[in-house]
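Participant: Got a structure for you, written out below as structure tokens; questions coming shortly.
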There are 2 protein chains.
Amino acid sequence: MSAIDWTVIESADPCFNPGQLHHKETVFSLGNGYLGTRGSFEEGYPGACPATLINGVYDDVPLTSPELANSPDWLSLTIIIGDLDTEIRHRFRLDQGIILHYHRSLDLYRGILTRTVRWRSPAGQTLDLEFERFISLDDAHVMALCCRLKAIDFEAPIELHASLNSYADNEGVFHWNCLHQSELENTIGLHLQTKRSQILLGMAAQLIVSDETVSDETVSDEAGSIAEIQSVAIHGCPTLIAKFNARSNQTVTIEKRVTVFTSRDTDAPLAAAQNKLVGLSNYETLRSAHEAAWEKVWQANDVMIEGDLTAQIAIRYNLFQLIAATPREDDRVSIPAKTLTGFTYRGHVFWDTEIFILPFLTYSQPALAKNLLNYRYHTLPGARRKAAALGFEGAMYAWESSDTGDEVTPTWMPGCDGKKLVRIWCGEIEQHISSDIAYAVYQYWQATGDDDWMQARGAEILLDTARFWGSRVEWNEDRHCYEIRNVIGPDEYHEHVDNNAFTNRMVQWHLQKAIRVWTWLCESYPERARELAQQLGMTIERLSHWQTVIDKLWIPQDADRNLIEQFEGFFKLEDVNLADYEPRHKSMQAILGIEGANQRQVLKQADVIMLLYLLRSGAFTDAAEGYDRETLAANWDYYNPRTDHVYGSSLSPAIHAALACEMDSPEEAYEHFMRSVLVDLVDVRGNAAEGIHGASTGGVWQAIVFGFGGIRLTEAGLIAEPKLPKAWTRLKFQLQWRGQTYSFDLRSADSQDDRRDSAAIDSRLDLQRH
Amino acid sequence: MSAIDWTVIESADPCFNPGQLHHKETVFSLGNGYLGTRGSFEEGYPGACPATLINGVYDDVPLTSPELANSPDWLSLTIIIGDLDTEIRHRFRLDQGIILHYHRSLDLYRGILTRTVRWRSPAGQTLDLEFERFISLDDAHVMALCCRLKAIDFEAPIELHASLNSYADNEGVFHWNCLHQSELENTIGLHLQTKRSQILLGMAAQLIVSDETVSDETVSDEAGSIAEIQSVAIHGCPTLIAKFNARSNQTVTIEKRVTVFTSRDTDAPLAAAQNKLVGLSNYETLRSAHEAAWEKVWQANDVMIEGDLTAQIAIRYNLFQLIAATPREDDRVSIPAKTLTGFTYRGHVFWDTEIFILPFLTYSQPALAKNLLNYRYHTLPGARRKAAALGFEGAMYAWESSDTGDEVTPTWMPGCDGKKLVRIWCGEIEQHISSDIAYAVYQYWQATGDDDWMQARGAEILLDTARFWGSRVEWNEDRHCYEIRNVIGPDEYHEHVDNNAFTNRMVQWHLQKAIRVWTWLCESYPERARELAQQLGMTIERLSHWQTVIDKLWIPQDADRNLIEQFEGFFKLEDVNLADYEPRHKSMQAILGIEGANQRQVLKQADVIMLLYLLRSGAFTDAAEGYDRETLAANWDYYNPRTDHVYGSSLSPAIHAALACEMDSPEEAYEHFMRSVLVDLVDVRGNAAEGIHGASTGGVWQAIVFGFGGIRLTEAGLIAEPKLPKAWTRLKFQLQWRGQTYSFDLRSADSQDDRRDSAAIDSRLDLQRH
């Protein structure tokens with residue numbers, strides 16, 4: 001393992017660029033599934049956007065929908081050279097003085113963010129600083145940071161301020177009431193409550209300042225502290241102040257260990273945080289446990305690419321951010337669209353989780369995939385309320401979901417100009433999500449063979465959403481077929497469309513699987529089937545209605561051209577040549593207007609293509625089901641050039657990459673893949689500042705495994721038909737399939753034979769399973 | 001002068017009641033017209049709602065309308081007994097330990113808020129504290145507080161934390177970006193910018209801790225400080241920390257002087273705040289100047305009531321809050337509905353200012369009245385934009401106005417349940433405000449004879465709003481009359497009504513005055529008339545159209561009963577007996593629902609009554625104009641019992657009081673008057689926590705002067721026809737009328753003759769004019 005393959009580095013000039021603050025804060029985010037913290041600097045800068053988001057801690061916002069409340073900033077550490085008795089005092093800040101050296105790196109393998117700086121103060125004092133921080137993957141409630149300070153050419157008093165700052169807002173919205181704060185010796189505590197949802201949060205922190213020469217054993221001992229530490233009771237911002245006299249070339253270590261709980265975890269979160277802090281191991285021990293946890297995760301989840309260092313680091317970076325966002329113990333939360341790294345979409349959960357992210361977990365950490373599906377199980381009551389409110393039966397999932405599963409899509413949003421409100425219809429009519437969730441349930445069941453979960457929970461999700469569709473479809477007497485009118489498909493440039501092919505075909509598939517699962521349940525778990533029959537009204541009439549819908553649901557297509565029509569009337573819309581608009585730096589919707597895009601054949605994202613991908617041959621073990629190659633090619637040629645790849649949706653490039661491989665175009669696939677895998681690192685779309693593109697992190701894994709790796713699922717096991725891009729000499733990953741671990745070590749064309757061998761279906765991985 | 005007549009006291013048990021925090025914060029608010037600060041405690045409490053609102057500092061809020069941004073909390077002062085070396089540390093807070101004595105008082109005459117406390121800490125240490133604060137009326141940019149501390153029975157280190165806390169939110173909305181902060185010796189500074197409107201704010205503070213025995217001359221001298229003071233760079237919350245050793249029975253004085261500027265005042269507000277701080281007088285000198293300024297204001301504005309201490313203190317309290325909210329130097333701001341003391345209505349300006357508040361200023365401090373009318377002149381462009389956007393000519397004032405005069409009424413608001421959004425129509429159809437402003441312009445002109453302002457600015461307001469009405473009225477061919485359909489009158493329980501009598505009659509009056517003012521302008525200022533003729537298109541045809549509208553505008557009435565009908569069809573609505581709903585604790589709209597109230601004869605506030613008041617005989621010097629006594633009596637008897645006096649609008653009780661006097665019912669008037677004058681002090685309506693009821697403070701002055709005092713305006717001067725309530729033995733006030741000061745010293749029936757004498761029109765006041 002080479003460190004360089006695992007490291008995201010920032011050292012370019014200028015190392016401090018206020019305009020890049022927000023993008024870099026996203027890039028250097030850390031997380032452990034319980035919470036995420038953006039990569040803001042400890043010393044703070046005007047205009048910075050620090051955020052710590054704890055999953056599930058939603059608070060309402062007046063006039064619009066609930067959001068994940070920004071939790072107290074635990075990073076805050078101010079370093080000041082000089083004290084009251086010295087004439088000159090200088091705060092360490094990169095925008096003042098001179099930066100002689102700067103290097104920031106994120107070690108993906110260990111989950112550690114490091115920054116080394118040599119800084120000369122405006123008074124000419126040279127200081128070496130080495131910052132390090134982590135959010136423990138070993139213990140969800142622990143965060144820690146460390147700063148090693150060395151005065152190079154001066155001796156002076158140094159003052160440190162380490163706060164827990166509860167004044168963290170969500171772009172101007174402030175969610176907390178401060179109930180209590182404590183300041184004791186070298187520890188501080190905060191007890192907060194969200195203003196509306198009344199969730200309690202307790203956070204505690206301890207500061208230790210020690211001389212590097214003191215042995216490790218005594219670091220956690222207060223006696224090891226070389227500084228006088230005092231606590232200050234700033235309302236809502238308890239602060240520890242430490243002072244010491246820096247001697248030339250002496251290295252002083254500052255450690256800040258932080259613990260956090262909420263009333264989602266325990267009744268008394270501040271006491272829990274304080275208790276944990278009391279018994280906490282020292283910094284080095286905490287870090288070792290954290291590193292060991294990451295190492296274990298990587299053993300099962302790494303994707304190795306040889307011959308393309310950028311792609312190698314980028315795919316690991318995407319998986320790192322995806323793992324950092326995945327809840328590990330809590331099954332009443334899911335993964336927000338911007339993970340736990342930004343405010344956009346308010347921490348809401350979309351189809352992004354089930355369609356883009358879940359396959360990675362389903363095929364590599366099925367226990368975590370199950371957690372996320374349990375979130376949908378727990379939010380069935382919200383989905384039922386939504387269906388009932390709109391006059392339907394069964395369960396209709398929220399397009400945007402928070403803690404209860406009730407619909408939380410904002411009804412109005414400021415438009416492109418930031419002022420005029422635009423009506424958002426997705427909450428009412430972007431309905432395909434109910435089938436997307438059913439798809440994920442079925443995929444999980446197929447990949448894991450987890451019959452127990454399927455009978456206890458999965459079947460109920462799949463059947464009750466099928467009930468919704470049974471009540472949703474409309475009979476068209478003239479055409480003598482069922483229809484689904486007035487929806488939005490995945491391509492959100494087109495609203496209020498009739499018979500969206502993606503939606504209708506997925507509903508058809510959904511009802512087919514519902515009947516299959518119901519049959520299985522009756523046979524294998526008759527007791528549970530009886531229960532559900534009663535609860536959901538599973539009658540012969542209902543099943544027969546579903547079968548009629550399957551048979552009679554209209555899917556618009558042009559049989560002559562072997563084309564699926566995205567929705568009824570799409571082919572009659574005005575055509576657009578996207579090349580005519582180049583060069584451009586905004587979406588086609590921004591250029592044409594909402595109505596303009598609605599009336600033209602231009603796509604925000606793959607819609608038919610997405611359907612062909614989900615129901616491709618090889619996606620399920622039933623090979624007869626999938627779309628054939630010719631249909632795929634015809635539709636690809638039609639829709640691909642009409643898709644707004646760069647400024648449309650961030651979701652589709654990875655799917656385009658996967659399907660381009662299917663059509664033997666790995667180089668074209670590579671272009672789509674890189675657009676997706678670098679979307680945050682290189683800020684391809686100009687909006688990485690808003691947070692990690694969660695769907696994209698999962699999409700690139702699918703592009704790797706099902707695209708470049710060419711994995712097909714068969715009853716006999718997994719088969720690889722790899723299509724590697726030219727530069728890649730080797731692609732190595734592993735999958736979990738029905739309780740077994742499959743390792744794939746695929747070599748480039750130079751070693752074609754070798755590659756086929758290594759893809760043998762039974763080649764177990766020699767890494768330990770966990 | 002007796003102190004008790006001027007003092008609002010809180011000493012009742014329990015002296016610390018968390019449930020009353022917000023109400024008392026409103027009651028003990030201070031202000032100087034430039035800014036207002038709620039009466040929150042220096043030491044801070046969970047759930048407290050501290051606010052400092054600087055007039056004109058509006059920031060946008062996403063999804064809804066702009067609001068006055070809550071500015072940094074300058075009060076913050078934490079007092080801790082003990083330090084690092086002592087085992088026990090106790091923060092002074094009333095909700096811990098034992099309160100042995102508590103007394104808070106607001107001295108209305110001097111504008112000083114004082115609190116004396118004897119507190120025993122949980123460790124048994126007894127501390128005397130005497131807090132004092134003021135917001136300088138002498139210098140708009142200066143605030144100061146002082147705390148005198150005496151350790152009664154212990155000796156221990158004491159630590160003080162004095163912050164400028166920029167983390168001040170508007171009920172969860174946070175408006176500031178912190179650009180810079182400074183910490184130097186014993187001073188701190190903050191440089192902030194509103195997130196959207198980009199207004200800069202600079203605030204600076206200095207802390208001085210001295211021994212009481214040190215002479216006054218050296219108090220401002222740092223050398224006088226007995227404590228070690230250091231500054232701490234908490235991000236967004238710079239803090240000064242002072243430590244000293246308390247000796248038994250030694251009194252230590254802590255002074256915090258604060259300065260503030262915004263980019264509405266100067267280009268570099270932080271520098272301005274710091275510079276002012278450097279040259280600032282000592283605390284005592286600042287306070288003396290402040291007290292002298294208040295004394296001067298009271299000399300011209302006091303209302304003295306003898307025989308009724310409650311009414312005496314209450315009327316002074318109302319005037320105090322009104323003066324504290326009145327801009328003194330800035331003519332681009334006005335007085336928000338909740339003055340500068342609460343977040344409700346977002347600091348927006350309504351008709352409350354022109355109809356309820358302005359008469360007090362017009363008749364007592366005309367220069368300040370002119371400032372407020374200039375605000376309407378400066379916002380004419382916004383009013384013109386609103387008219388144009390809705391397809392009308394001229395200027396149509398915003399129902400809710402902020403800095404630009406554009407309409408800022410929210411379109412949707414959470415309803416009674418706090419969740420479901422209710423459509424607010426006032427921004428579009430509560431249109432009477434344009435005539436209300438014209439009324440205030442005309443009243444100011446009549447009271448002051450300020451022809452210069454009238455020709456330069458007033459005429460343009462009056463004429464351009466008249467143009468709006470000329471384009472707004474609709475011709476009804478069947479009835480052969482003009483109508484105004486689809487409006488909301490003052491009574492907001494009824495929306496979308498046609499031919500609201502208040503609106504239509506005020507429009508008629510407005511157009512009459514417009515023609516009169518135009519005629520005057522052409523005669524007296526032909527040059528300016530030519531300018532305006534060109535600018536506003538003042539043609540013969542327009543004037544002739546206005547005259548036709550005056551003649552043909554339909555005012556619904558029932559001539560047989562001498563009743564004005566509130567709007568077309570009002571008499572046909574279902575009748576309601578309000579007594580049937582007693583006892584009740586909410587508004588009739590909350591009980592009946594929006595639609596239920598809309599369909600019934602129940603009023604949120606005086607509508608026809610308000611019209612009769614504004615156009616009463618004696619309101620203007622042209623006696624022939626006003627409504628006669630019989631019309632008043634008939635309508636009073638009809639509408640008074642149908643009005644939701646307690647839980648409807650806070651605006652109408654004072655007007656009912658004034659008109660009840662007109663009908664020789666001073667005791668009935670007194671009941672309405674007390675409901676209005678105590679609305680904040682006693683929290684009559686249960687919503688004083690949200691801020692001072694600005695309109696009510698002005699309304700009670702009108703009830704005093706035009707009701708109980710019975711002042712009539714005549715060409716020969718002012719005449720009093722007093723109607724004092726039984727308990728009042730004397731009522732004394734003064735008015736400004738056309739450059740002269742009129743003093744009225746009215747005695748009760750016991751000294752009837754004396755009273756008539758003292759009301760003689762030429763009895764000048766012996767107090768100095770200013």
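Here's how to read the names in the structure tokens: chain A, B, ... by the order shown, residue numbers from 1 in each chain, ligand numbers from 1 in the order shown.
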Identify, on the basis of only C-alpha atoms, every residue whose closest approach to Leu632 in chain A does not exceed 9 Å; exclude the query and any residue fewer than 2 positions from it along the same chain; express the result as a PDB file with C-alpha atoms, in the first residue's frame.
Facilitator:
```pdb
ATOM      1  CA  LEU A 563     -37.220   3.553 -28.889  1.00  0.00           C
ATOM      2  CA  ILE A 609     -31.273   5.298 -19.827  1.00  0.00           C
ATOM      3  CA  LEU A 612     -32.487   0.456 -19.099  1.00  0.00           C
ATOM      4  CA  TYR A 613     -29.709   0.357 -16.520  1.00  0.00           C
ATOM      5  CA  ARG A 616     -30.525  -4.379 -17.725  1.00  0.00           C
ATOM      6  CA  TYR A 627     -33.529  -5.155 -21.715  1.00  0.00           C
ATOM      7  CA  ASP A 628     -31.509  -6.439 -24.670  1.00  0.00           C
ATOM      8  CA  ARG A 629     -28.455  -4.869 -26.184  1.00  0.00           C
ATOM      9  CA  GLU A 630     -30.219  -3.557 -29.311  1.00  0.00           C
ATOM     10  CA  ALA A 634     -31.012   2.518 -29.949  1.00  0.00           C
ATOM     11  CA  ASN A 635     -32.119   4.429 -26.890  1.00  0.00           C
ATOM     12  CA  TRP A 636     -28.565   5.345 -25.927  1.00  0.00           C
ATOM     13  CA  ASP A 637     -27.985   6.897 -29.321  1.00  0.00           C
ATOM     14  CA  LEU A 659     -24.017   1.677 -19.663  1.00  0.00           C
ATOM     15  CA  GLU A 662     -22.217  -2.314 -21.566  1.00  0.00           C
ATOM     16  CA  MET A 663     -21.937  -1.043 -25.093  1.00  0.00           C
TER      17      MET A 663
END
```
Participant: Find the nearest atom pair between each residue of chain B and chain A for residues within 7 Å, count only C-alpha atoms, give distances in Å to one decimal, sort rows by chain and ascending number, and present the table as CSV.
Facilitator:
```
residue,atom,partner,partner_atom,distance
B:Pro46,CA,A:Leu179,CA,5.1
B:Gly47,CA,A:Asn177,CA,6.5
B:Leu63,CA,A:Pro414,CA,6.9
B:Leu84,CA,A:Gln230,CA,6.5
B:Tyr167,CA,A:Tyr167,CA,6.2
B:Asp169,CA,A:Phe174,CA,7.0
B:Gly172,CA,A:Phe174,CA,4.3
B:Val173,CA,A:Val173,CA,4.3
B:Phe174,CA,A:Gly172,CA,4.2
B:His175,CA,A:Gly172,CA,5.8
B:Asn177,CA,A:Gly47,CA,6.6
B:Cys178,CA,A:Pro46,CA,5.7
B:Leu179,CA,A:Pro46,CA,5.1
B:Gln230,CA,A:Leu84,CA,6.5
B:Pro414,CA,A:Leu63,CA,6.9
```
Participant: What lies within 9 Å of range 568-574 of chain B using only C-alpha atoms, ignoring chain neighbours under 4 positions off, as a list in words?
Facilitator: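 Once the nearby chain positions are removed, what remains is Val497, Asp498, Asn499, Asn500, Ala501, Ile555, Pro556, Gln557, Asn598, Gln599, Arg600 and Gln601 of chain B.
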Participant: Please produce a file of those selected residues containing all heavy atoms, as a CSV table (one decimal), in the first residue's frame.
Facilitator:
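Saved to again-v2.csv:
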```csv
chain,number,residue,atom,x,y,z
B,497,VAL,N,-63.7,42.7,0.6
B,497,VAL,CA,-65.0,43.3,0.7
B,497,VAL,C,-65.1,44.4,-0.4
B,497,VAL,O,-64.1,44.9,-0.9
B,497,VAL,CB,-65.3,43.9,2.1
B,497,VAL,CG1,-65.2,42.8,3.2
B,497,VAL,CG2,-64.4,45.1,2.4
B,498,ASP,N,-66.3,44.8,-0.7
B,498,ASP,CA,-66.6,45.9,-1.7
B,498,ASP,C,-67.0,47.1,-1.0
B,498,ASP,O,-67.8,47.0,-0.1
B,498,ASP,CB,-67.6,45.4,-2.7
B,498,ASP,CG,-67.2,44.2,-3.5
B,498,ASP,OD1,-65.9,44.0,-3.7
B,498,ASP,OD2,-68.0,43.4,-3.9
B,499,ASN,N,-66.5,48.2,-1.4
B,499,ASN,CA,-67.0,49.5,-0.9
B,499,ASN,C,-67.0,49.6,0.6
B,499,ASN,O,-68.0,49.9,1.2
B,499,ASN,CB,-68.4,49.8,-1.5
B,499,ASN,CG,-68.4,50.0,-3.0
B,499,ASN,OD1,-67.5,50.8,-3.5
B,499,ASN,ND2,-69.2,49.3,-3.7
B,500,ASN,N,-65.8,49.4,1.1
B,500,ASN,CA,-65.6,49.6,2.6
B,500,ASN,C,-65.8,51.1,2.9
B,500,ASN,O,-65.1,51.9,2.2
B,500,ASN,CB,-64.1,49.1,2.9
B,500,ASN,CG,-63.7,49.5,4.3
B,500,ASN,OD1,-63.0,50.4,4.5
B,500,ASN,ND2,-64.2,48.8,5.3
B,501,ALA,N,-66.6,51.4,3.8
B,501,ALA,CA,-67.0,52.8,4.1
B,501,ALA,C,-65.8,53.6,4.5
B,501,ALA,O,-65.6,54.7,4.0
B,501,ALA,CB,-68.1,52.8,5.1
B,555,ILE,N,-70.7,55.5,-0.8
B,555,ILE,CA,-70.5,55.2,0.6
B,555,ILE,C,-71.7,54.4,1.1
B,555,ILE,O,-72.8,55.0,1.3
B,555,ILE,CB,-70.3,56.5,1.5
B,555,ILE,CG1,-69.4,57.5,0.8
B,555,ILE,CG2,-69.7,56.1,2.8
B,555,ILE,CD1,-68.0,57.4,0.8
B,556,PRO,N,-71.6,53.2,1.4
B,556,PRO,CA,-72.8,52.4,1.8
B,556,PRO,C,-73.3,52.9,3.1
B,556,PRO,O,-72.6,53.1,4.1
B,556,PRO,CB,-72.2,51.0,1.9
B,556,PRO,CG,-70.8,51.1,2.0
B,556,PRO,CD,-70.4,52.3,1.3
B,557,GLN,N,-74.6,53.1,3.2
B,557,GLN,CA,-75.2,53.5,4.4
B,557,GLN,C,-76.7,53.2,4.5
B,557,GLN,O,-77.3,52.9,3.4
B,557,GLN,CB,-75.0,55.0,4.6
B,557,GLN,CG,-75.4,55.9,3.5
B,557,GLN,CD,-74.7,57.3,3.6
B,557,GLN,OE1,-74.8,57.9,4.7
B,557,GLN,NE2,-74.1,57.7,2.6
B,598,ASN,N,-65.4,36.1,8.8
B,598,ASN,CA,-65.6,36.8,7.6
B,598,ASN,C,-67.1,36.9,7.3
B,598,ASN,O,-67.6,37.9,6.7
B,598,ASN,CB,-64.9,36.1,6.4
B,598,ASN,CG,-64.5,37.1,5.3
B,598,ASN,OD1,-64.4,38.3,5.5
B,598,ASN,ND2,-64.3,36.5,4.1
B,599,GLN,N,-67.9,35.9,7.7
B,599,GLN,CA,-69.3,35.8,7.3
B,599,GLN,C,-70.2,36.4,8.4
B,599,GLN,O,-71.4,36.2,8.4
B,599,GLN,CB,-69.6,34.4,7.0
B,599,GLN,CG,-69.0,33.9,5.7
B,599,GLN,CD,-69.0,32.4,5.6
B,599,GLN,OE1,-69.5,31.7,6.5
B,599,GLN,NE2,-68.5,31.8,4.5
B,600,ARG,N,-69.6,37.0,9.5
B,600,ARG,CA,-70.4,37.5,10.6
B,600,ARG,C,-70.2,38.9,10.9
B,600,ARG,O,-69.1,39.5,10.5
B,600,ARG,CB,-70.1,36.6,11.8
B,600,ARG,CG,-70.7,35.2,11.7
B,600,ARG,CD,-70.4,34.4,13.0
B,600,ARG,NE,-71.1,33.1,13.0
B,600,ARG,CZ,-70.6,32.0,12.3
B,600,ARG,NH1,-69.5,32.1,11.5
B,600,ARG,NH2,-71.3,30.9,12.3
B,601,GLN,N,-71.1,39.5,11.6
B,601,GLN,CA,-71.0,40.9,12.0
B,601,GLN,C,-70.2,41.1,13.3
B,601,GLN,O,-70.7,41.4,14.3
B,601,GLN,CB,-72.4,41.6,12.2
B,601,GLN,CG,-73.2,41.7,10.9
B,601,GLN,CD,-74.4,42.6,11.0
B,601,GLN,OE1,-74.3,43.6,11.6
B,601,GLN,NE2,-75.5,42.2,10.4
```
Participant: Can you list, as a PyMOL selection string, every residue of range 166-386 of chain B that DSSP puts in strand (DSSP E or B)?
Facilitator: chain B and resi 169-170+173-174+176-184+187-194+200-211+225+228-232+239-246+248+251-262+304-306+349
Participant: Select, from B:Ala456, B:Phe343, B:Ser743, B:Glu393, the residue with the minimum atom-to-atom distance to Ala529 in chain B, counting only C-alpha atoms.
Facilitator: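 That would be B:Ala456, the residue with the smallest distance to Ala529 in chain B.
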Participant: What lies within 9 Å of Gln508 in chain A using only C-alpha atoms, ignoring chain neighbours under 6 positions off, as an MDAnalysis selection string?
Facilitator: chainID A and resid 546 549:551 553
Participant: I'd like the neighbourhood of Ala144 in chain A as a CSV table (one decimal) with C-alpha atoms, in the first residue's frame, where a residue qualifies if any of its atoms comes within 7 Å (using only C-alpha atoms), though same-chain residues fewer than 2 positions away should be ignored.
Facilitator:
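Contents of around31.csv, freshly written:
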```csv
chain,number,residue,atom,x,y,z
A,133,ARG,CA,-8.0,15.7,13.6
A,134,PHE,CA,-10.3,12.8,13.4
A,135,ILE,CA,-13.9,11.7,14.1
A,142,VAL,CA,-15.8,10.9,20.1
A,146,CYS,CA,-4.4,17.9,18.2
A,256,LYS,CA,-8.8,18.7,22.4
A,257,ARG,CA,-11.0,15.7,23.0
A,258,VAL,CA,-14.7,16.1,22.5
```
Participant: For Ser435 in chain A, find every residue with an atom within 10 Å (counting only C-alpha atoms), except residues of its own chain fewer than 3 positions away, and show them as a PyMOL selection string.
Facilitator: chain A and resi 351+396-397+431-432+438-441+462+465-466+469+503-511
Participant: As a ChimeraX atom specification, list the residues of range 388-463 of chain A assigned to alpha helix (DSSP H) by DSSP on the backbone atoms of this structure.
Facilitator: /A:388-389,426-429,433-448,451-453,459-463
